[in-house]
Each structure stands twice: as structure tokens, then as C-alpha cells.
Amino acid sequence: MQTTALLAVLAGITCLTLISLAHGRGQNAAPQRGDATIPGYSLGRPDLMRSPVSLEDLAQLEEVLLFGEEDRAALRRSRALLEPRVDEILDVWYGFVGSKPQLLASFSHPETGAPDAAYLDAVRLRFGQWILDTADARHDQAWLDHSHELGRRHHTSAKNRTDGAEAAAIVPLRYLLALNYPISATLRPFLEGEGISAEETERMHRAWIKSVLLQTILWSEPYTQQGTF
Ligand code: HEM
């Protein structure tokens, strides 16, 4: 094997090792998921910037996405299936991000290229809570403000700030949007189960596809010029 190829393989193994360390499996560290004291977790925080998207804008957006009460109910039913498997789901999603250097770059130092294990770990805890929040589907003002904050955290406006990370300054918009498909597609097996009909899996899956799309649309606002969102 040529030296460059060998180095590339070794770099890949190092990245994946760092990511599995960052998964934090086996750690007993409090606070637990589902707990609003998760470090950096922002849903319901009173000091959050108010979203420039109003509840009326949100209702109109949901209407265009064909997101309705049936979807809200399906998301809520999905929680019972997903909650016990949050770690497995995150293993799949983190595995995907870790396998694509263009994505891992967002968690890595811009000059050295070294992935930041502590950053990956901190974000993972909040990502797990996001699964539960998405299933809860409480699209109220607090959730809108939190969604805006999550958009800012992917954008230069607030990336790295929550965890004091020294990583890339932005998640490129193209990847933010592209990740919609892998996230939604890989969730489907987790919506299947004994006693769950194919129609029910389909209903829950469709609701998840719409919700993830809705959220990444909201998160794209900080990337746009004023008045263009
Ligand atoms: C469907 C697309 C995506 C979803 C649903 C998603 C979801 C999330 C969630 C739930 C968080 C934690 C937010 C918090 O509470 O602080 C997060 C943070 C983060 N995500 Fe994403 N994400 C997506 C796309 C991407 C992509 C493409 C990347 C590039 C690798 C990425 C990189 C990050 C980074 C670096 C953070 C930490 C940001 C910070 O510094 O606070 N995300 N994401």
C-alpha cells in the first residue's frame, strides 16, 4: 500500500476512534437526557433571542409542508418507540457524520483538522434531547425561539460558542440541507416494531420527514440576507 493511502486509512481509524470515545457510552455523567439542565440546552431559556419567524409565519409554513394535526399526533406516538433507542439512533447518525470528512470538518479544528471529542460529546447529549423534543412537537413560541438558536449554532452567529469549541466557524448550508435525507431515511427502522402496522410506521415516518425539513428550513434563516427568508 502506498504511504499516502496508508496515512488516509490511519487518519480514518483515528477519527472513528475519537468519535466512539466522544459517544460517551458507559459514562454515568449527570445530567441525563430529558433533563433541561443538559449543558447548553436552550429550549425554554428565557434569555433566548426571539425568533424573527412569527407563530403565524410558522403556521403558514406548516400549511405548505402539509404538516398538520395528524403529523403532530404521529410524532407524539413515535416517542414511545424512539426514547428507549436514542443512543442507537445517535450511533447511526454520528457514524454517518464520522464517515464523511466534509461533515466531520464541522467538529474539527480548522487548521489541524483534529476532531474535537469533547465537542462531539457535548453536542450528542443535546442531539438526543432534540429527538425527544421533535417527537413532542410543541411548536410554540419557546420552540420557535429555540429553533432560531439552533440555526444560529450551525451558522457563524453562534457556532462553537455553547461549548467553547475551537472548530470550523460554520456548518455549510448545503450540508445542513443535505443531511435531511440521511437523518430521515435512517430513522425509519426505528419506527418499526412488533404490533406496529406498516401504515402506522409510514404515518410516523412521514411526520418525521416533514418535521426535520421544517426545522432545517427554520435553521436556515440566519444564513439568509435580511428580508429574503
Ligand atoms: C438535518 C440536518 C441536521 C440536524 C437535524 C441537526 C441537528 C443538530 C442538533 C439537534 C444539534 C444540537 C443543538 C443544540 O441543542 O445545541 C446540532 C448541533 C450541531 N450540528 Fe447539526 N444537525 C443537522 C445538520 C448538521 C450538519 C450537516 C452538520 C455538519 C457536520 C452539523 C454539525 C453540527 C455541529 C457542529 C453542531 C454544534 C453547533 C454548536 O457549536 O453549537 N449539523 N445539530
# chains A, B, ... in the order shown; residues from 1 in each chain; ligands from 1
$ residues_around --residues "A:Trp208" --least-positions-apart "5" --cutoff "12 Å" --atoms "only C-alpha atoms" --output "number ranges by chain"
A: 65, 67, 70-79, 82, 131-137, 180-181, 183-188, 190-191, 201-203, 213-215
$ write_last_selection --atoms "N, CA, C and O atoms" --output "compact mmCIF listing (two decimals), in the first residue's frame"
# COMPACT_ATOMS: atom_id res chain seq x y z
N LEU A 65 -46.04 22.79 3.92
CA LEU A 65 -45.37 21.48 4.08
C LEU A 65 -46.37 20.34 4.26
O LEU A 65 -45.97 19.19 4.41
N PHE A 67 -48.01 19.83 6.86
CA PHE A 67 -47.80 19.34 8.22
C PHE A 67 -49.03 19.74 9.04
O PHE A 67 -49.32 20.92 9.22
N GLU A 70 -52.55 15.55 12.17
CA GLU A 70 -52.26 14.10 12.08
C GLU A 70 -50.76 13.85 12.26
O GLU A 70 -50.35 12.88 12.90
N ASP A 71 -49.95 14.75 11.70
CA ASP A 71 -48.49 14.61 11.84
C ASP A 71 -48.05 14.85 13.29
O ASP A 71 -47.20 14.15 13.81
N ARG A 72 -48.67 15.86 13.90
CA ARG A 72 -48.34 16.17 15.30
C ARG A 72 -48.62 14.94 16.17
O ARG A 72 -47.81 14.53 17.00
N ALA A 73 -49.78 14.33 15.93
CA ALA A 73 -50.16 13.15 16.73
C ALA A 73 -49.21 11.98 16.44
O ALA A 73 -48.81 11.25 17.35
N ALA A 74 -48.84 11.82 15.16
CA ALA A 74 -47.95 10.70 14.79
C ALA A 74 -46.56 10.89 15.42
O ALA A 74 -45.94 9.94 15.89
N LEU A 75 -46.08 12.14 15.45
CA LEU A 75 -44.78 12.41 16.09
C LEU A 75 -44.85 12.03 17.56
O LEU A 75 -43.94 11.41 18.10
N ARG A 76 -45.97 12.40 18.19
CA ARG A 76 -46.10 12.12 19.64
C ARG A 76 -46.14 10.61 19.90
O ARG A 76 -45.56 10.13 20.87
N ARG A 77 -46.80 9.87 19.00
CA ARG A 77 -46.84 8.40 19.19
C ARG A 77 -45.45 7.80 18.99
O ARG A 77 -45.12 6.78 19.55
N SER A 78 -44.62 8.47 18.15
CA SER A 78 -43.29 7.90 17.85
C SER A 78 -42.36 7.94 19.07
O SER A 78 -41.41 7.19 19.16
N ARG A 79 -42.68 8.81 20.01
CA ARG A 79 -41.76 8.98 21.15
C ARG A 79 -41.54 7.66 21.92
O ARG A 79 -40.41 7.34 22.30
N LEU A 82 -39.03 5.64 20.08
CA LEU A 82 -37.68 6.21 19.91
C LEU A 82 -36.94 6.42 21.23
O LEU A 82 -35.72 6.24 21.28
N ILE A 131 -34.23 14.74 19.68
CA ILE A 131 -35.10 13.66 19.17
C ILE A 131 -36.41 13.68 19.96
O ILE A 131 -37.51 13.62 19.38
N LEU A 132 -36.28 13.80 21.28
CA LEU A 132 -37.49 13.80 22.13
C LEU A 132 -38.32 15.07 21.90
O LEU A 132 -39.55 15.01 21.83
N ASP A 133 -37.65 16.21 21.75
CA ASP A 133 -38.37 17.46 21.51
C ASP A 133 -39.11 17.43 20.17
O ASP A 133 -40.21 17.95 20.04
N THR A 134 -38.45 16.82 19.17
CA THR A 134 -39.10 16.73 17.86
C THR A 134 -40.35 15.85 17.97
O THR A 134 -41.41 16.19 17.42
N ALA A 135 -40.23 14.76 18.71
CA ALA A 135 -41.39 13.88 18.90
C ALA A 135 -42.49 14.60 19.69
O ALA A 135 -43.68 14.40 19.42
N ASP A 136 -42.11 15.46 20.61
CA ASP A 136 -43.14 16.17 21.40
C ASP A 136 -43.93 17.16 20.54
O ASP A 136 -45.09 17.43 20.82
N ALA A 137 -43.29 17.70 19.52
CA ALA A 137 -43.95 18.57 18.54
C ALA A 137 -44.75 19.70 19.19
O ALA A 137 -45.88 19.98 18.80
N ASN A 180 -30.76 16.26 5.73
CA ASN A 180 -32.17 15.90 5.86
C ASN A 180 -32.44 14.47 5.43
O ASN A 180 -33.13 13.73 6.13
N TYR A 181 -31.90 14.11 4.28
CA TYR A 181 -32.25 12.78 3.76
C TYR A 181 -31.68 11.64 4.61
O TYR A 181 -32.44 10.78 5.07
N ILE A 183 -30.74 11.62 7.68
CA ILE A 183 -31.36 11.61 9.02
C ILE A 183 -32.74 10.97 8.95
O ILE A 183 -33.08 10.07 9.73
N SER A 184 -33.53 11.41 7.98
CA SER A 184 -34.91 10.89 7.88
C SER A 184 -34.93 9.43 7.44
O SER A 184 -35.68 8.63 7.99
N ALA A 185 -34.10 9.10 6.46
CA ALA A 185 -34.15 7.73 5.91
C ALA A 185 -33.69 6.71 6.95
O ALA A 185 -34.30 5.65 7.10
N THR A 186 -32.65 7.05 7.71
CA THR A 186 -32.12 6.06 8.66
C THR A 186 -32.98 5.93 9.91
O THR A 186 -32.80 5.01 10.70
N LEU A 187 -33.93 6.85 10.07
CA LEU A 187 -34.80 6.76 11.25
C LEU A 187 -35.88 5.70 11.06
O LEU A 187 -36.39 5.13 12.03
N ARG A 188 -36.21 5.40 9.82
CA ARG A 188 -37.37 4.54 9.56
C ARG A 188 -37.35 3.20 10.31
O ARG A 188 -38.37 2.83 10.92
N PHE A 190 -36.31 2.48 13.06
CA PHE A 190 -36.61 2.69 14.48
C PHE A 190 -38.10 2.95 14.71
O PHE A 190 -38.56 3.00 15.84
N LEU A 191 -38.83 3.16 13.61
CA LEU A 191 -40.27 3.40 13.72
C LEU A 191 -41.06 2.13 13.42
O LEU A 191 -42.28 2.16 13.30
N THR A 201 -46.15 2.86 10.73
CA THR A 201 -44.74 3.25 10.54
C THR A 201 -44.67 4.35 9.49
O THR A 201 -43.98 5.36 9.66
N GLU A 202 -45.42 4.17 8.43
CA GLU A 202 -45.42 5.16 7.34
C GLU A 202 -45.91 6.53 7.82
O GLU A 202 -45.32 7.56 7.50
N ARG A 203 -46.98 6.52 8.62
CA ARG A 203 -47.52 7.79 9.12
C ARG A 203 -46.49 8.51 10.00
O ARG A 203 -46.29 9.71 9.87
N LEU A 213 -37.48 18.54 7.97
CA LEU A 213 -37.40 19.54 6.91
C LEU A 213 -37.84 20.91 7.43
O LEU A 213 -37.16 21.93 7.20
N LEU A 214 -38.95 20.94 8.16
CA LEU A 214 -39.44 22.20 8.74
C LEU A 214 -38.35 22.85 9.59
O LEU A 214 -38.08 24.06 9.49
N GLN A 215 -37.69 22.04 10.40
CA GLN A 215 -36.69 22.61 11.31
C GLN A 215 -35.46 23.11 10.56
O GLN A 215 -34.93 24.18 10.87
$ residues_near_ligand --ligand "ligand 1" --cutoff "7 Å" --atoms "only C-alpha atoms and all ligand atoms" --output "ChimeraX atom specification"
/A:40-42,97,103-107,123,126-127,130,150,153-154,158-163,165,171,175-180,183,212,216
$ residues_around --residues "stretch 47-49 of chain A" --least-positions-apart "6" --cutoff "8 Å" --atoms "only C-alpha atoms" --output "list of chain:residue names"
A:Asp145, A:His146, A:His148, A:Glu149
$ select_by_dssp --residues "stretch 6-165 of chain A" --states "helix (DSSP H, G or I)" --output "ChimeraX atom specification"
/A:6-22,55-64,69-99,101-107,117-136,141-154
$ atom_distance --atom1 "atom CA of A:Glu88" --atom2 "atom CA of A:Ile209"
18.9 Å
$ decode --residues "stretch 149-199 of chain A" --atoms "N, CA and C atoms" --output "PDB file, in the first residue's frame"
ATOM      1  N   GLU A 149     -32.286  29.598  17.707  1.00  0.00           N
ATOM      2  CA  GLU A 149     -30.988  29.439  18.371  1.00  0.00           C
ATOM      3  C   GLU A 149     -30.215  28.271  17.720  1.00  0.00           C
ATOM      4  N   LEU A 150     -30.897  27.186  17.397  1.00  0.00           N
ATOM      5  CA  LEU A 150     -30.208  26.044  16.777  1.00  0.00           C
ATOM      6  C   LEU A 150     -29.679  26.415  15.386  1.00  0.00           C
ATOM      7  N   GLY A 151     -30.443  27.250  14.666  1.00  0.00           N
ATOM      8  CA  GLY A 151     -29.945  27.735  13.378  1.00  0.00           C
ATOM      9  C   GLY A 151     -28.678  28.544  13.580  1.00  0.00           C
ATOM     10  N   ARG A 152     -28.703  29.430  14.574  1.00  0.00           N
ATOM     11  CA  ARG A 152     -27.522  30.269  14.862  1.00  0.00           C
ATOM     12  C   ARG A 152     -26.323  29.423  15.257  1.00  0.00           C
ATOM     13  N   ARG A 153     -26.600  28.313  15.942  1.00  0.00           N
ATOM     14  CA  ARG A 153     -25.487  27.463  16.381  1.00  0.00           C
ATOM     15  C   ARG A 153     -24.828  26.710  15.220  1.00  0.00           C
ATOM     16  N   HIS A 154     -25.549  26.543  14.115  1.00  0.00           N
ATOM     17  CA  HIS A 154     -24.929  25.947  12.929  1.00  0.00           C
ATOM     18  C   HIS A 154     -24.206  27.008  12.096  1.00  0.00           C
ATOM     19  N   HIS A 155     -24.627  28.256  12.285  1.00  0.00           N
ATOM     20  CA  HIS A 155     -24.123  29.391  11.495  1.00  0.00           C
ATOM     21  C   HIS A 155     -23.024  30.120  12.276  1.00  0.00           C
ATOM     22  N   THR A 156     -22.308  30.993  11.605  1.00  0.00           N
ATOM     23  CA  THR A 156     -21.237  31.749  12.289  1.00  0.00           C
ATOM     24  C   THR A 156     -21.773  32.576  13.466  1.00  0.00           C
ATOM     25  N   SER A 157     -23.080  32.907  13.453  1.00  0.00           N
ATOM     26  CA  SER A 157     -23.640  33.743  14.526  1.00  0.00           C
ATOM     27  C   SER A 157     -23.344  33.173  15.907  1.00  0.00           C
ATOM     28  N   ALA A 158     -23.369  31.842  16.030  1.00  0.00           N
ATOM     29  CA  ALA A 158     -23.190  31.278  17.386  1.00  0.00           C
ATOM     30  C   ALA A 158     -22.511  29.909  17.393  1.00  0.00           C
ATOM     31  N   LYS A 159     -21.937  29.492  16.270  1.00  0.00           N
ATOM     32  CA  LYS A 159     -21.299  28.161  16.278  1.00  0.00           C
ATOM     33  C   LYS A 159     -20.119  28.171  17.261  1.00  0.00           C
ATOM     34  N   ASN A 160     -19.927  27.067  17.935  1.00  0.00           N
ATOM     35  CA  ASN A 160     -18.812  26.842  18.882  1.00  0.00           C
ATOM     36  C   ASN A 160     -18.993  27.529  20.240  1.00  0.00           C
ATOM     37  N   ARG A 161     -19.871  28.555  20.281  1.00  0.00           N
ATOM     38  CA  ARG A 161     -19.995  29.391  21.485  1.00  0.00           C
ATOM     39  C   ARG A 161     -20.457  28.579  22.704  1.00  0.00           C
ATOM     40  N   THR A 162     -21.470  27.714  22.486  1.00  0.00           N
ATOM     41  CA  THR A 162     -22.072  26.997  23.618  1.00  0.00           C
ATOM     42  C   THR A 162     -21.058  26.127  24.344  1.00  0.00           C
ATOM     43  N   ASP A 163     -20.192  25.460  23.566  1.00  0.00           N
ATOM     44  CA  ASP A 163     -19.260  24.507  24.169  1.00  0.00           C
ATOM     45  C   ASP A 163     -17.835  25.056  24.235  1.00  0.00           C
ATOM     46  N   GLY A 164     -17.649  26.306  23.856  1.00  0.00           N
ATOM     47  CA  GLY A 164     -16.306  26.884  23.852  1.00  0.00           C
ATOM     48  C   GLY A 164     -15.374  26.109  22.931  1.00  0.00           C
ATOM     49  N   ALA A 165     -15.932  25.582  21.837  1.00  0.00           N
ATOM     50  CA  ALA A 165     -15.117  24.762  20.923  1.00  0.00           C
ATOM     51  C   ALA A 165     -14.279  25.648  20.005  1.00  0.00           C
ATOM     52  N   GLU A 166     -13.173  25.058  19.527  1.00  0.00           N
ATOM     53  CA  GLU A 166     -12.350  25.761  18.538  1.00  0.00           C
ATOM     54  C   GLU A 166     -12.415  24.956  17.250  1.00  0.00           C
ATOM     55  N   ALA A 167     -13.587  24.931  16.668  1.00  0.00           N
ATOM     56  CA  ALA A 167     -13.809  24.130  15.456  1.00  0.00           C
ATOM     57  C   ALA A 167     -14.173  25.066  14.302  1.00  0.00           C
ATOM     58  N   ALA A 168     -14.484  24.478  13.157  1.00  0.00           N
ATOM     59  CA  ALA A 168     -14.861  25.268  11.980  1.00  0.00           C
ATOM     60  C   ALA A 168     -15.927  26.297  12.365  1.00  0.00           C
ATOM     61  N   ALA A 169     -15.908  27.434  11.699  1.00  0.00           N
ATOM     62  CA  ALA A 169     -16.759  28.562  12.093  1.00  0.00           C
ATOM     63  C   ALA A 169     -18.213  28.409  11.652  1.00  0.00           C
ATOM     64  N   ILE A 170     -18.489  27.464  10.749  1.00  0.00           N
ATOM     65  CA  ILE A 170     -19.856  27.341  10.222  1.00  0.00           C
ATOM     66  C   ILE A 170     -20.108  25.915   9.732  1.00  0.00           C
ATOM     67  N   VAL A 171     -21.362  25.480   9.835  1.00  0.00           N
ATOM     68  CA  VAL A 171     -21.798  24.275   9.119  1.00  0.00           C
ATOM     69  C   VAL A 171     -22.322  24.787   7.774  1.00  0.00           C
ATOM     70  N   PRO A 172     -21.678  24.409   6.671  1.00  0.00           N
ATOM     71  CA  PRO A 172     -22.142  24.941   5.386  1.00  0.00           C
ATOM     72  C   PRO A 172     -23.623  24.614   5.146  1.00  0.00           C
ATOM     73  N   LEU A 173     -24.330  25.612   4.637  1.00  0.00           N
ATOM     74  CA  LEU A 173     -25.778  25.456   4.427  1.00  0.00           C
ATOM     75  C   LEU A 173     -26.091  24.234   3.570  1.00  0.00           C
ATOM     76  N   ARG A 174     -25.254  23.970   2.550  1.00  0.00           N
ATOM     77  CA  ARG A 174     -25.562  22.855   1.642  1.00  0.00           C
ATOM     78  C   ARG A 174     -25.596  21.529   2.405  1.00  0.00           C
ATOM     79  N   TYR A 175     -24.714  21.380   3.395  1.00  0.00           N
ATOM     80  CA  TYR A 175     -24.709  20.131   4.161  1.00  0.00           C
ATOM     81  C   TYR A 175     -25.853  20.096   5.173  1.00  0.00           C
ATOM     82  N   LEU A 176     -26.165  21.265   5.738  1.00  0.00           N
ATOM     83  CA  LEU A 176     -27.289  21.343   6.676  1.00  0.00           C
ATOM     84  C   LEU A 176     -28.556  20.822   5.984  1.00  0.00           C
ATOM     85  N   LEU A 177     -28.743  21.238   4.740  1.00  0.00           N
ATOM     86  CA  LEU A 177     -29.942  20.822   3.999  1.00  0.00           C
ATOM     87  C   LEU A 177     -29.824  19.366   3.550  1.00  0.00           C
ATOM     88  N   ALA A 178     -28.621  18.989   3.083  1.00  0.00           N
ATOM     89  CA  ALA A 178     -28.445  17.628   2.550  1.00  0.00           C
ATOM     90  C   ALA A 178     -28.629  16.565   3.622  1.00  0.00           C
ATOM     91  N   LEU A 179     -28.285  16.884   4.852  1.00  0.00           N
ATOM     92  CA  LEU A 179     -28.373  15.866   5.905  1.00  0.00           C
ATOM     93  C   LEU A 179     -29.819  15.456   6.201  1.00  0.00           C
ATOM     94  N   ASN A 180     -30.761  16.255   5.731  1.00  0.00           N
ATOM     95  CA  ASN A 180     -32.168  15.903   5.862  1.00  0.00           C
ATOM     96  C   ASN A 180     -32.437  14.467   5.432  1.00  0.00           C
ATOM     97  N   TYR A 181     -31.902  14.106   4.281  1.00  0.00           N
ATOM     98  CA  TYR A 181     -32.253  12.778   3.756  1.00  0.00           C
ATOM     99  C   TYR A 181     -31.680  11.642   4.608  1.00  0.00           C
ATOM    100  N   PRO A 182     -30.348  11.621   4.861  1.00  0.00           N
ATOM    101  CA  PRO A 182     -29.827  10.525   5.697  1.00  0.00           C
ATOM    102  C   PRO A 182     -30.476  10.456   7.082  1.00  0.00           C
ATOM    103  N   ILE A 183     -30.739  11.616   7.684  1.00  0.00           N
ATOM    104  CA  ILE A 183     -31.357  11.614   9.021  1.00  0.00           C
ATOM    105  C   ILE A 183     -32.743  10.966   8.945  1.00  0.00           C
ATOM    106  N   SER A 184     -33.531  11.405   7.977  1.00  0.00           N
ATOM    107  CA  SER A 184     -34.905  10.893   7.883  1.00  0.00           C
ATOM    108  C   SER A 184     -34.929   9.434   7.439  1.00  0.00           C
ATOM    109  N   ALA A 185     -34.099   9.104   6.456  1.00  0.00           N
ATOM    110  CA  ALA A 185     -34.147   7.735   5.910  1.00  0.00           C
ATOM    111  C   ALA A 185     -33.692   6.713   6.954  1.00  0.00           C
ATOM    112  N   THR A 186     -32.645   7.046   7.711  1.00  0.00           N
ATOM    113  CA  THR A 186     -32.116   6.060   8.656  1.00  0.00           C
ATOM    114  C   THR A 186     -32.985   5.934   9.907  1.00  0.00           C
ATOM    115  N   LEU A 187     -33.927   6.855  10.071  1.00  0.00           N
ATOM    116  CA  LEU A 187     -34.801   6.761  11.248  1.00  0.00           C
ATOM    117  C   LEU A 187     -35.880   5.701  11.062  1.00  0.00           C
ATOM    118  N   ARG A 188     -36.211   5.404   9.818  1.00  0.00           N
ATOM    119  CA  ARG A 188     -37.368   4.543   9.556  1.00  0.00           C
ATOM    120  C   ARG A 188     -37.352   3.201  10.311  1.00  0.00           C
ATOM    121  N   PRO A 189     -36.218   2.461  10.299  1.00  0.00           N
ATOM    122  CA  PRO A 189     -36.245   1.173  11.009  1.00  0.00           C
ATOM    123  C   PRO A 189     -36.594   1.319  12.493  1.00  0.00           C
ATOM    124  N   PHE A 190     -36.313   2.482  13.058  1.00  0.00           N
ATOM    125  CA  PHE A 190     -36.613   2.687  14.482  1.00  0.00           C
ATOM    126  C   PHE A 190     -38.105   2.954  14.705  1.00  0.00           C
ATOM    127  N   LEU A 191     -38.827   3.161  13.611  1.00  0.00           N
ATOM    128  CA  LEU A 191     -40.269   3.403  13.722  1.00  0.00           C
ATOM    129  C   LEU A 191     -41.060   2.134  13.415  1.00  0.00           C
ATOM    130  N   GLU A 192     -40.320   1.040  13.240  1.00  0.00           N
ATOM    131  CA  GLU A 192     -40.969  -0.254  13.019  1.00  0.00           C
ATOM    132  C   GLU A 192     -40.948  -1.018  14.335  1.00  0.00           C
ATOM    133  N   GLY A 193     -41.775  -2.011  14.444  1.00  0.00           N
ATOM    134  CA  GLY A 193     -41.738  -2.804  15.679  1.00  0.00           C
ATOM    135  C   GLY A 193     -42.880  -3.776  15.730  1.00  0.00           C
ATOM    136  N   GLU A 194     -42.794  -4.680  16.695  1.00  0.00           N
ATOM    137  CA  GLU A 194     -43.837  -5.685  16.851  1.00  0.00           C
ATOM    138  C   GLU A 194     -45.155  -4.984  17.183  1.00  0.00           C
ATOM    139  N   GLY A 195     -46.188  -5.350  16.472  1.00  0.00           N
ATOM    140  CA  GLY A 195     -47.501  -4.755  16.746  1.00  0.00           C
ATOM    141  C   GLY A 195     -47.681  -3.391  16.084  1.00  0.00           C
ATOM    142  N   ILE A 196     -46.688  -2.916  15.337  1.00  0.00           N
ATOM    143  CA  ILE A 196     -46.827  -1.626  14.629  1.00  0.00           C
ATOM    144  C   ILE A 196     -47.097  -1.943  13.164  1.00  0.00           C
ATOM    145  N   SER A 197     -48.228  -1.519  12.660  1.00  0.00           N
ATOM    146  CA  SER A 197     -48.552  -1.821  11.259  1.00  0.00           C
ATOM    147  C   SER A 197     -47.657  -1.008  10.317  1.00  0.00           C
ATOM    148  N   ALA A 198     -47.554  -1.495   9.075  1.00  0.00           N
ATOM    149  CA  ALA A 198     -46.750  -0.779   8.071  1.00  0.00           C
ATOM    150  C   ALA A 198     -47.320   0.622   7.854  1.00  0.00           C
ATOM    151  N   GLU A 199     -48.646   0.750   7.931  1.00  0.00           N
ATOM    152  CA  GLU A 199     -49.284   2.068   7.727  1.00  0.00           C
ATOM    153  C   GLU A 199     -48.885   3.023   8.865  1.00  0.00           C
TER     154      GLU A 199
END
